[in-house]
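Undergrad: Sharing structure04.tsv here; it has TSV, C-alpha atoms and all ligand atoms.
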chain	number	residue	atom	x	y	z
T	1	GLU	CA	37.66	-7.24	16.45
T	2	LEU	CA	34.75	-7.78	14.00
T	3	THR	CA	32.39	-9.01	16.68
T	4	ARG	CA	28.71	-9.57	16.15
T	5	ASP	CA	28.02	-6.56	18.40
T	6	PHE	CA	30.26	-4.35	16.25
T	7	LEU	CA	28.53	-5.48	13.04
T	8	TYR	CA	25.09	-4.85	14.54
T	9	ALA	CA	26.02	-1.39	15.86
T	10	LEU	CA	27.83	-0.31	12.67
T	11	PRO	CA	25.79	2.56	11.17
T	12	LYS	CA	24.48	1.46	7.78
T	13	CYS	CA	21.83	1.95	5.12
T	14	GLU	CA	19.64	-0.81	3.81
T	15	LEU	CA	18.95	-0.36	0.08
T	16	HIS	CA	17.60	-3.78	-0.99
T	17	LEU	CA	14.68	-4.72	1.18
T	18	HIS	CA	11.20	-5.80	0.07
T	19	LEU	CA	8.67	-4.71	2.69
T	20	GLU	CA	6.49	-7.70	1.74
T	21	GLY	CA	9.56	-9.87	2.38
T	22	THR	CA	9.58	-8.80	6.04
T	23	LEU	CA	6.29	-10.56	6.85
T	24	GLU	CA	7.23	-12.77	9.81
T	25	PRO	CA	5.12	-15.87	10.49
T	26	GLU	CA	3.76	-14.36	13.74
T	27	LEU	CA	2.46	-11.23	11.99
T	28	LYS	CA	1.17	-13.28	9.07
T	29	LEU	CA	-0.94	-15.30	11.49
T	30	GLU	CA	-2.13	-12.19	13.35
T	31	LEU	CA	-3.19	-10.47	10.10
T	32	ALA	CA	-4.85	-13.65	8.79
T	33	VAL	CA	-7.00	-13.74	11.94
T	34	ARG	CA	-7.65	-9.97	11.90
T	35	ASN	CA	-8.83	-10.08	8.26
T	36	GLY	CA	-10.45	-13.52	8.26
T	37	VAL	CA	-8.15	-14.81	5.52
T	38	ASP	CA	-7.56	-18.55	5.18
T	39	ILE	CA	-3.83	-19.01	4.55
T	40	GLY	CA	-3.83	-22.79	4.76
T	41	GLN	CA	-1.85	-22.88	8.02
T	42	SER	CA	-3.01	-22.18	11.55
T	43	THR	CA	0.20	-22.09	13.62
T	44	VAL	CA	3.56	-20.33	13.37
T	45	ASP	CA	5.30	-23.70	13.06
T	46	GLU	CA	3.08	-24.71	10.16
T	47	ILE	CA	3.83	-21.42	8.40
T	48	THR	CA	7.58	-21.72	9.02
T	49	ALA	CA	7.53	-25.25	7.59
T	50	THR	CA	6.43	-23.80	4.22
T	51	TYR	CA	9.54	-21.56	4.08
T	52	GLN	CA	11.70	-23.83	1.94
T	53	PHE	CA	13.26	-22.47	-1.23
T	54	ASP	CA	16.07	-23.40	-3.56
T	55	SER	CA	15.35	-20.94	-6.38
T	56	LEU	CA	13.84	-17.54	-7.04
T	57	ALA	CA	10.76	-19.25	-8.49
T	58	SER	CA	10.18	-21.43	-5.42
T	59	PHE	CA	10.63	-18.38	-3.17
T	60	LEU	CA	8.15	-16.31	-5.18
T	61	GLY	CA	5.67	-19.19	-4.95
T	62	VAL	CA	5.52	-18.68	-1.16
T	63	TYR	CA	6.04	-14.89	-1.16
T	64	TYR	CA	3.02	-13.85	-3.27
T	65	PRO	CA	0.26	-16.01	-1.67
T	66	ALA	CA	1.33	-14.73	1.77
T	67	MET	CA	0.32	-11.22	0.77
T	68	ASN	CA	-3.39	-12.14	0.91
T	69	VAL	CA	-3.29	-11.23	4.61
T	70	LEU	CA	-2.45	-7.60	3.72
T	71	VAL	CA	-5.77	-5.84	3.14
T	72	ALA	CA	-6.15	-2.51	4.96
T	73	GLU	CA	-3.95	0.58	5.24
T	74	GLN	CA	-3.25	-0.38	8.87
T	75	ASP	CA	-1.89	-3.79	7.76
T	76	PHE	CA	0.70	-2.13	5.53
T	77	TYR	CA	1.57	0.26	8.35
T	78	ASP	CA	1.98	-2.57	10.87
T	79	LEU	CA	4.15	-4.61	8.49
T	80	ALA	CA	6.47	-1.69	7.77
T	81	MET	CA	6.73	-0.60	11.44
T	82	ALA	CA	7.69	-4.12	12.49
T	83	TYR	CA	10.50	-4.03	9.92
T	84	PHE	CA	11.70	-0.52	10.86
T	85	THR	CA	11.89	-1.62	14.51
T	86	ARG	CA	14.13	-4.55	13.54
T	87	ALA	CA	16.17	-2.37	11.19
T	88	ALA	CA	16.92	0.04	14.05
T	89	ALA	CA	18.26	-2.88	16.10
T	90	ASN	CA	20.49	-3.78	13.12
T	91	GLY	CA	22.24	-0.38	13.06
T	92	VAL	CA	20.20	0.85	10.07
T	93	ARG	CA	20.08	4.67	10.01
T	94	HIS	CA	18.43	5.00	6.60
T	95	VAL	CA	16.44	2.59	4.46
T	96	GLU	CA	15.16	2.78	0.90
T	97	ALA	CA	12.55	0.03	0.87
T	98	PHE	CA	10.88	-1.70	-2.06
T	99	PHE	CA	7.20	-2.49	-2.21
T	100	ASP	CA	5.13	-4.36	-4.83
T	101	PRO	CA	1.84	-2.46	-5.41
T	102	GLN	CA	0.69	-4.74	-8.24
T	103	ALA	CA	0.77	-7.72	-5.89
T	104	HIS	CA	-1.96	-5.89	-3.93
T	105	THR	CA	-3.91	-3.98	-6.59
T	106	SER	CA	-4.27	-7.23	-8.57
T	107	ARG	CA	-6.20	-8.55	-5.50
T	108	GLY	CA	-8.45	-5.50	-5.34
T	109	VAL	CA	-6.55	-3.49	-2.73
T	110	ALA	CA	-6.44	0.26	-3.46
T	111	ILE	CA	-2.97	1.61	-4.22
T	112	ASP	CA	-3.79	4.54	-1.89
T	113	ASP	CA	-3.98	2.17	1.09
T	114	VAL	CA	-0.67	0.53	0.15
T	115	ILE	CA	1.29	3.75	-0.34
T	116	LEU	CA	-0.30	5.71	2.51
T	117	GLY	CA	0.12	2.85	5.01
T	118	TYR	CA	3.76	2.39	4.14
T	119	SER	CA	4.51	6.11	4.02
T	120	ARG	CA	2.83	6.75	7.40
T	121	ALA	CA	5.16	4.09	8.83
T	122	ALA	CA	8.15	5.62	7.02
T	123	ARG	CA	7.36	8.94	8.73
T	124	ASP	CA	6.99	7.30	12.14
T	125	ALA	CA	10.30	5.44	11.67
T	126	ALA	CA	12.02	8.74	12.48
T	127	GLY	CA	11.00	8.10	16.10
T	128	LEU	CA	13.15	4.95	15.98
T	129	GLY	CA	16.15	6.87	14.63
T	130	VAL	CA	15.63	5.52	11.11
T	131	SER	CA	14.93	7.66	8.07
T	132	ALA	CA	12.94	5.76	5.46
T	133	ALA	CA	12.09	6.24	1.78
T	134	LEU	CA	10.00	4.09	-0.56
T	135	ILE	CA	10.82	2.55	-3.95
T	136	LEU	CA	7.83	1.42	-6.01
T	137	CYS	CA	8.69	-1.85	-7.76
T	138	PHE	CA	6.99	-3.04	-10.92
T	139	LEU	CA	6.45	-6.78	-11.30
T	140	ARG	CA	8.39	-7.73	-14.43
T	141	ASP	CA	6.22	-10.79	-15.14
T	142	PHE	CA	3.25	-8.40	-15.51
T	143	SER	CA	2.86	-6.43	-18.76
T	144	ALA	CA	4.49	-3.11	-19.60
T	145	GLU	CA	0.93	-1.69	-19.84
T	146	SER	CA	0.24	-2.77	-16.26
T	147	ALA	CA	3.48	-1.09	-15.12
T	148	LEU	CA	2.45	2.09	-16.94
T	149	ALA	CA	-1.00	2.05	-15.34
T	150	THR	CA	0.62	1.49	-11.93
T	151	LEU	CA	2.99	4.43	-12.39
T	152	THR	CA	0.09	6.65	-13.49
T	153	SER	CA	-1.95	5.72	-10.41
T	154	ALA	CA	1.08	6.28	-8.14
T	155	LEU	CA	2.21	9.65	-9.47
T	156	PRO	CA	-0.33	11.59	-7.34
T	157	PHE	CA	1.62	10.12	-4.39
T	158	ALA	CA	5.06	10.88	-5.88
T	159	GLU	CA	6.03	12.93	-2.81
T	160	HIS	CA	6.02	9.62	-0.88
T	161	LEU	CA	8.40	7.89	-3.32
T	162	VAL	CA	12.13	8.22	-3.96
T	163	GLY	CA	12.42	5.85	-6.93
T	164	VAL	CA	11.13	2.94	-8.94
T	165	GLY	CA	12.47	-0.61	-9.21
T	166	LEU	CA	11.80	-3.84	-11.08
T	167	ASP	CA	11.48	-7.24	-9.43
T	168	SER	CA	9.86	-10.70	-9.65
T	169	ASP	CA	10.69	-13.33	-12.29
T	170	GLU	CA	13.42	-12.10	-14.64
T	171	ARG	CA	13.23	-14.98	-17.09
T	172	ASP	CA	11.94	-13.66	-20.48
T	173	ASN	CA	11.25	-10.28	-18.84
T	174	PRO	CA	14.30	-8.15	-19.77
T	175	PRO	CA	14.85	-4.52	-18.76
T	176	ALA	CA	14.04	-3.30	-22.31
T	177	LYS	CA	10.40	-4.36	-21.79
T	178	PHE	CA	10.11	-1.48	-19.28
T	179	ALA	CA	12.19	1.20	-21.04
T	180	GLU	CA	9.20	3.51	-21.56
T	181	VAL	CA	7.84	3.35	-18.01
T	182	PHE	CA	11.31	3.91	-16.53
T	183	ALA	CA	11.88	6.91	-18.84
T	184	LEU	CA	8.59	8.39	-17.60
T	185	ALA	CA	9.53	7.72	-13.97
T	186	ARG	CA	12.82	9.53	-14.48
T	187	GLU	CA	10.98	12.50	-16.03
T	188	ALA	CA	8.82	12.56	-12.89
T	189	GLY	CA	11.99	13.01	-10.81
T	190	LEU	CA	12.27	9.45	-9.51
T	191	LYS	CA	15.51	7.47	-9.21
T	192	LEU	CA	15.82	4.18	-11.09
T	193	THR	CA	16.97	0.73	-10.06
T	194	MET	CA	16.32	-2.77	-11.41
T	195	HIS	CA	16.90	-6.29	-10.20
T	196	CYS	CA	19.43	-8.23	-12.27
T	197	ASP	CA	19.15	-11.52	-10.47
T	198	ILE	CA	22.12	-13.81	-10.41
T	199	ASP	CA	21.92	-17.17	-12.13
T	200	GLN	CA	19.24	-16.17	-14.63
T	201	VAL	CA	19.59	-16.97	-18.30
T	202	GLY	CA	20.71	-13.90	-20.25
T	203	SER	CA	21.54	-12.07	-17.09
T	204	ILE	CA	24.76	-10.39	-18.31
T	205	GLU	CA	22.86	-9.02	-21.32
T	206	ASN	CA	20.27	-7.66	-18.87
T	207	ILE	CA	23.04	-5.96	-16.88
T	208	ARG	CA	24.28	-4.39	-20.13
T	209	GLN	CA	20.74	-3.14	-20.86
T	210	VAL	CA	20.24	-1.56	-17.44
T	211	LEU	CA	23.56	0.29	-17.66
T	212	GLU	CA	23.62	1.29	-21.33
T	213	ASP	CA	19.96	1.49	-22.36
T	214	ILE	CA	17.97	2.27	-19.20
T	215	GLY	CA	20.64	4.27	-17.36
T	216	VAL	CA	19.84	3.05	-13.85
T	217	ASP	CA	21.24	4.67	-10.71
T	218	ARG	CA	21.66	1.29	-8.98
T	219	ILE	CA	21.53	-2.43	-9.78
T	220	ASP	CA	19.90	-4.87	-7.35
T	221	HIS	CA	22.03	-8.04	-7.07
T	222	GLY	CA	23.95	-7.97	-10.40
T	223	THR	CA	27.16	-9.39	-8.95
T	224	ASN	CA	27.72	-11.61	-11.99
T	225	ILE	CA	28.81	-8.38	-13.73
T	226	VAL	CA	32.33	-9.48	-12.66
T	227	GLU	CA	32.26	-11.77	-15.75
T	228	ASN	CA	32.53	-8.64	-17.91
T	229	PRO	CA	35.34	-6.20	-16.98
T	230	GLU	CA	34.12	-3.52	-19.44
T	231	LEU	CA	30.71	-3.40	-17.76
T	232	VAL	CA	32.36	-3.30	-14.32
T	233	ALA	CA	34.47	-0.32	-15.47
T	234	LEU	CA	31.36	1.46	-16.78
T	235	ALA	CA	29.47	0.88	-13.51
T	236	ILE	CA	32.39	2.18	-11.45
T	237	GLU	CA	32.84	5.23	-13.68
T	238	ARG	CA	29.16	6.09	-13.20
T	239	GLY	CA	29.17	5.35	-9.47
T	240	VAL	CA	26.36	2.80	-9.88
T	241	GLY	CA	25.60	1.03	-6.59
T	242	PHE	CA	25.24	-2.77	-6.29
T	243	THR	CA	22.76	-3.83	-3.63
T	244	THR	CA	23.95	-7.34	-2.86
T	245	CYS	CA	22.26	-9.88	-0.59
T	246	PRO	CA	24.57	-12.71	0.54
T	247	VAL	CA	22.10	-14.76	2.60
T	248	SER	CA	19.36	-14.43	-0.03
T	249	ASN	CA	21.88	-15.61	-2.63
T	250	SER	CA	22.65	-18.67	-0.54
T	251	PHE	CA	18.94	-19.62	-0.72
T	252	VAL	CA	18.08	-18.88	-4.34
T	253	SER	CA	21.37	-20.03	-5.88
T	254	ALA	CA	22.99	-22.14	-3.14
T	255	ASP	CA	25.94	-19.72	-3.17
T	256	MET	CA	26.50	-16.52	-1.18
T	257	LYS	CA	28.45	-15.10	-4.18
T	258	ALA	CA	31.11	-13.97	-1.70
T	259	ASP	CA	33.91	-14.00	-4.31
T	260	GLU	CA	31.94	-11.75	-6.64
T	261	ILE	CA	31.02	-9.32	-3.85
T	262	VAL	CA	34.62	-9.16	-2.57
T	263	SER	CA	35.92	-8.66	-6.12
T	264	LEU	CA	33.55	-5.74	-6.73
T	265	LEU	CA	34.52	-4.23	-3.37
T	266	ALA	CA	38.24	-4.53	-4.15
T	267	GLN	CA	37.76	-2.94	-7.57
T	268	GLY	CA	36.07	0.10	-6.02
T	269	ALA	CA	32.46	-0.54	-7.01
T	270	LYS	CA	29.82	0.87	-4.65
T	271	VAL	CA	28.72	-2.49	-3.29
T	272	MET	CA	27.02	-2.99	0.08
T	273	LEU	CA	25.09	-5.73	1.94
T	274	ASN	CA	21.34	-6.05	2.36
T	275	SER	CA	18.74	-8.56	3.50
T	276	ASP	CA	16.28	-8.73	0.52
T	277	ASP	CA	13.44	-10.75	2.16
T	278	PRO	CA	14.63	-11.22	5.75
T	279	ALA	CA	11.51	-12.92	7.15
T	280	TYR	CA	11.91	-15.67	4.56
T	281	PHE	CA	15.70	-15.99	4.52
T	282	GLY	CA	16.08	-15.75	8.31
T	283	ALA	CA	18.63	-12.93	8.36
T	284	TYR	CA	18.18	-9.16	8.77
T	285	VAL	CA	20.91	-6.89	7.42
T	286	ALA	CA	23.41	-7.15	10.29
T	287	ASP	CA	23.35	-10.94	9.97
T	288	ASN	CA	24.25	-10.52	6.30
T	289	TYR	CA	27.39	-8.67	7.46
T	290	VAL	CA	28.06	-11.45	9.99
T	291	ALA	CA	27.61	-14.13	7.31
T	292	LEU	CA	29.90	-12.52	4.74
T	293	VAL	CA	32.60	-11.66	7.29
T	294	GLU	CA	32.62	-15.31	8.33
T	295	LYS	CA	32.56	-16.66	4.77
T	296	ALA	CA	35.07	-14.27	3.15
T	297	GLY	CA	37.26	-13.31	6.12
T	298	LEU	CA	36.71	-9.59	5.58
T	299	SER	CA	39.03	-7.08	7.27
T	300	PRO	CA	37.74	-4.19	9.41
T	301	ASP	CA	38.59	-1.84	6.51
T	302	ASP	CA	36.45	-3.95	4.14
T	303	VAL	CA	33.50	-3.81	6.50
T	304	VAL	CA	33.77	-0.06	7.02
T	305	ARG	CA	33.98	0.38	3.22
T	306	LEU	CA	30.79	-1.67	2.75
T	307	ALA	CA	28.97	0.48	5.31
T	308	LYS	CA	30.29	3.72	3.75
T	309	ASN	CA	29.22	2.47	0.32
T	310	SER	CA	25.71	1.95	1.68
T	311	PHE	CA	25.49	5.70	2.41
T	312	GLU	CA	27.26	6.76	-0.81
T	313	ALA	CA	24.99	4.58	-2.98
T	314	SER	CA	21.87	5.81	-1.17
T	315	TRP	CA	19.59	8.49	-2.58
T	316	LEU	CA	20.04	10.79	0.39
T	317	SER	CA	20.94	14.35	-0.61
T	318	ALA	CA	24.61	15.39	-0.52
T	319	ASP	CA	23.87	17.38	2.65
T	320	GLU	CA	22.20	14.42	4.33
T	321	LYS	CA	25.12	12.12	3.41
T	322	LEU	CA	27.52	14.58	5.05
T	323	ARG	CA	25.75	13.97	8.37
T	324	TYR	CA	26.77	10.31	8.20
T	325	LEU	CA	30.07	10.15	6.26
T	401	LIG	N1	14.29	-10.94	-6.84
T	401	LIG	C1	13.17	-10.87	-7.58
T	401	LIG	N2	12.00	-10.62	-7.05
T	401	LIG	C2	11.90	-10.46	-5.73
T	401	LIG	C3	13.02	-10.53	-4.93
T	401	LIG	C4	14.28	-10.76	-5.52
T	401	LIG	O1	15.34	-10.77	-4.87
T	401	LIG	N3	12.58	-10.34	-3.65
T	401	LIG	C5	11.26	-10.13	-3.71
T	401	LIG	N4	10.84	-10.20	-4.98
T	402	ZN	ZN	15.17	-8.32	-4.15
As structure tokens, please, write out the structure in this file.

TA:
Amino acid sequence: ELTRDFLYALPKCELHLHLEGTLEPELKLELAVRNGVDIGQSTVDEITATYQFDSLASFLGVYYPAMNVLVAEQDFYDLAMAYFTRAAANGVRHVEAFFDPQAHTSRGVAIDDVILGYSRAARDAAGLGVSAALILCFLRDFSAESALATLTSALPFAEHLVGVGLDSDERDNPPAKFAEVFALAREAGLKLTMHCDIDQVGSIENIRQVLEDIGVDRIDHGTNIVENPELVALAIERGVGFTTCPVSNSFVSADMKADEIVSLLAQGAKVMLNSDDPAYFGAYVADNYVALVEKAGLSPDDVVRLAKNSFEASWLSADEKLRYL
């Protein structure tokens, strides 16, 4: 009954997706040629051969250099439209997509071109039957001052944003480092989410911080919260969503974390499945459903619950959610 076709057609939201993580080798090559950027490879096969990761750090070491091909507003538009087209084919009705402005502004790209290119694509995604919103992510291995400066330069474009997030290397970069910038983002009316990557030292303390000190609306990854029943209870009481990414997990920690995801689902946490960086991990969101169904033997009820959770944990308005649920 849970066929691949069913899992692809199932209406769903995608809530953990890095637009820069959707850069397929073909588009990377096209943009490298268009912008005259030397990426060190000259064929799709050569690019694909560099996509080998066994940790977050080794993934990030390929992910950031690739962004050199993104230069003009049109490049950001083209990248996002290619993703929205694939999302539509994966049953995605609504997406809240991350982007990493500091990975571009630190190379001299204007934040205006990043935000306006992505938001023009988000508007045009409606023509594909996908509504799209943007989450500005701060790079946690950059300083708090850099995050603050980024927020300040983005606030004139706040109408194009639904929230802020926190990604990149978590080691020695705890949530508390960004308490001030997240408080300011909340005052500006933005929703809050932060990555709590699995398998990082001190990770359960970071989950405690995001729930108790920052007061996030969602947690990205964070499935190791199952180690601490009190924190699970707090997250469930607050309706905090968990944006989990099974195939990504299987790359960066050699484990899909299926038991943790299924446990959170069974306990009533608002957990759903997402693709994270699909061009690099070789699976868009529907294939994450396929992979977890296969691994964990999910029932049809489980799968429908995951898809419902994706709408409930989204930042659509109550009225908009009613259209889907
Ligand atoms: N974790 C941290 N940083 C990232 C990720 C992730 O899953 N994807 C892109 N940047
Ligand atoms: Zn992520």

Undergrad: Taking only C-alpha atoms and all ligand atoms into account, name the residue in T:Cys245, T:Val164, T:Cys13, T:Leu31 that is nearest to ligand LIG 401 (chain T).

TA: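 Among the listed residues, T:Cys245 lies closest to ligand LIG 401 (chain T).
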
Undergrad: Nearest to ligand ZN 402 (chain T) among T:Gly117, T:Pro101, T:Pro246, T:Pro175, with distances taken over all atoms listed in the file: which residue is it?

TA: T:Pro246

Undergrad: Can you tell me which residues surround Leu264 of chain T at a distance of at most 9 Å, considering all atoms listed in the file, apart from same-chain residues fewer than 3 positions away, and format the answer as a list in words?

TA: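 Final neighbour list, sorted by chain and number: Thr223, Ile225, Val226, Val232, Phe242, Asp259, Glu260, Ile261, Gln267, Gly268, Ala269, Lys270 and Val271 of chain T.
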
Undergrad: Residues of chain T within 7 Å of ligand LIG 401 (chain T): nearest atom pair and distance (Å, one decimal) for each, counting only C-alpha atoms and all ligand atoms, sorted by chain and number, as a tab-separated table?

TA:
residue	atom	partner	partner_atom	distance
T:His18	CA	T:LIG401	C5	5.7
T:Gly21	CA	T:LIG401	C5	6.3
T:Leu56	CA	T:LIG401	N1	6.6
T:Leu60	CA	T:LIG401	N4	6.7
T:Asp167	CA	T:LIG401	N2	4.2
T:Ser168	CA	T:LIG401	N2	3.4
T:Asp169	CA	T:LIG401	C1	5.9
T:His195	CA	T:LIG401	N1	6.3
T:Asp197	CA	T:LIG401	N1	6.1
T:Asp276	CA	T:LIG401	N3	5.8
T:Asp277	CA	T:LIG401	N3	5.9

Undergrad: If we count all atoms listed in the file and set the cut-off at 9 Å, which residues sit around Gln102 of chain T, ignoring sequence neighbours fewer than 2 positions away in its own chain? Please answer as JSON, numbers by chain.

TA: {"T": [100, 104, 105, 106, 107, 111, 137, 138, 139, 142, 146, 147, 150]}

Undergrad: Residues within 7 Å of Leu2 of chain T, please, as a PDB file with C-alpha atoms, in the coordinates of the input. Count only C-alpha atoms; anything in the same chain fewer than 3 positions from it doesn't count.

TA:
ATOM      1  CA  PHE T   6      30.260  -4.350  16.250  1.00  0.00           C
ATOM      2  CA  LEU T   7      28.530  -5.480  13.040  1.00  0.00           C
ATOM      3  CA  PRO T 300      37.740  -4.190   9.410  1.00  0.00           C
TER       4      PRO T 300
END

Undergrad: May I ask for the distance between atom CA of Val290 of chain T and atom CA of Asp78 of chain T, given in Å to one decimal place?

TA: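 That distance, rounded to one decimal, is 27.6 Å.
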
Undergrad: Which one of T:Val114, T:Glu237, T:Asp199, T:Phe59 sits closest to Phe157 of chain T if you count only C-alpha atoms?

TA: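 Looking at the shortest contact to Phe157 of chain T, the residue is T:Val114.
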
Undergrad: Using only C-alpha atoms and all ligand atoms, which of the listed residues (T:Val69, T:Ala126, T:Met81, T:Leu273) sits closest to ligand ZN 402 (chain T)?

TA: T:Leu273

Undergrad: I want to know what sits within 9 Å of Ala313 of chain T, based on all atoms listed in the file, with residues of the same chain fewer than 4 positions away left out; could you give that as a ChimeraX atom specification?

TA: /T:15,217-218,239-243,270-272,308-309

Undergrad: Which is closest to Val92 of chain T among T:Asp319, T:Glu14, T:Asp220, T:Glu1, if we use all atoms listed in the file?

TA: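 Of T:Asp319, T:Glu14, T:Asp220, T:Glu1, the one nearest Val92 of chain T is T:Glu14, counting all atoms listed in the file.
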
Undergrad: Determine the nearest neighbour of Asp112 of chain T from the options T:Pro156, T:Pro174, T:Pro11, T:Pro25, counting all atoms listed in the file.

TA: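 Looking at the shortest contact to Asp112 of chain T, the residue is T:Pro156.
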
Undergrad: Please compute the atom CA of Ala57 of chain T-atom CA of Phe251 of chain T distance, one decimal, in Å.

TA: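 Computed distance, atom CA of Ala57 of chain T to atom CA of Phe251 of chain T, equals 11.3 Å.
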
Undergrad: Could you work out an axis-aligned bounding box for all listed atoms of segment 14-32 of chain T, with 3 Å added on each of the six sides, and give its centre and edge lengths in Å to one decimal, as lines of an AutoDock Vina configuration file?

TA:
center_x = 7.4
center_y = -8.1
center_z = 6.4
size_x = 30.5
size_y = 21.5
size_z = 20.7

Undergrad: State, in Å with one decimal place, the distance from atom CA of Phe84 of chain T to atom CA of Lys28 of chain T.

TA: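 Going from atom CA of Phe84 of chain T over to atom CA of Lys28 of chain T, I get 16.6 Å.
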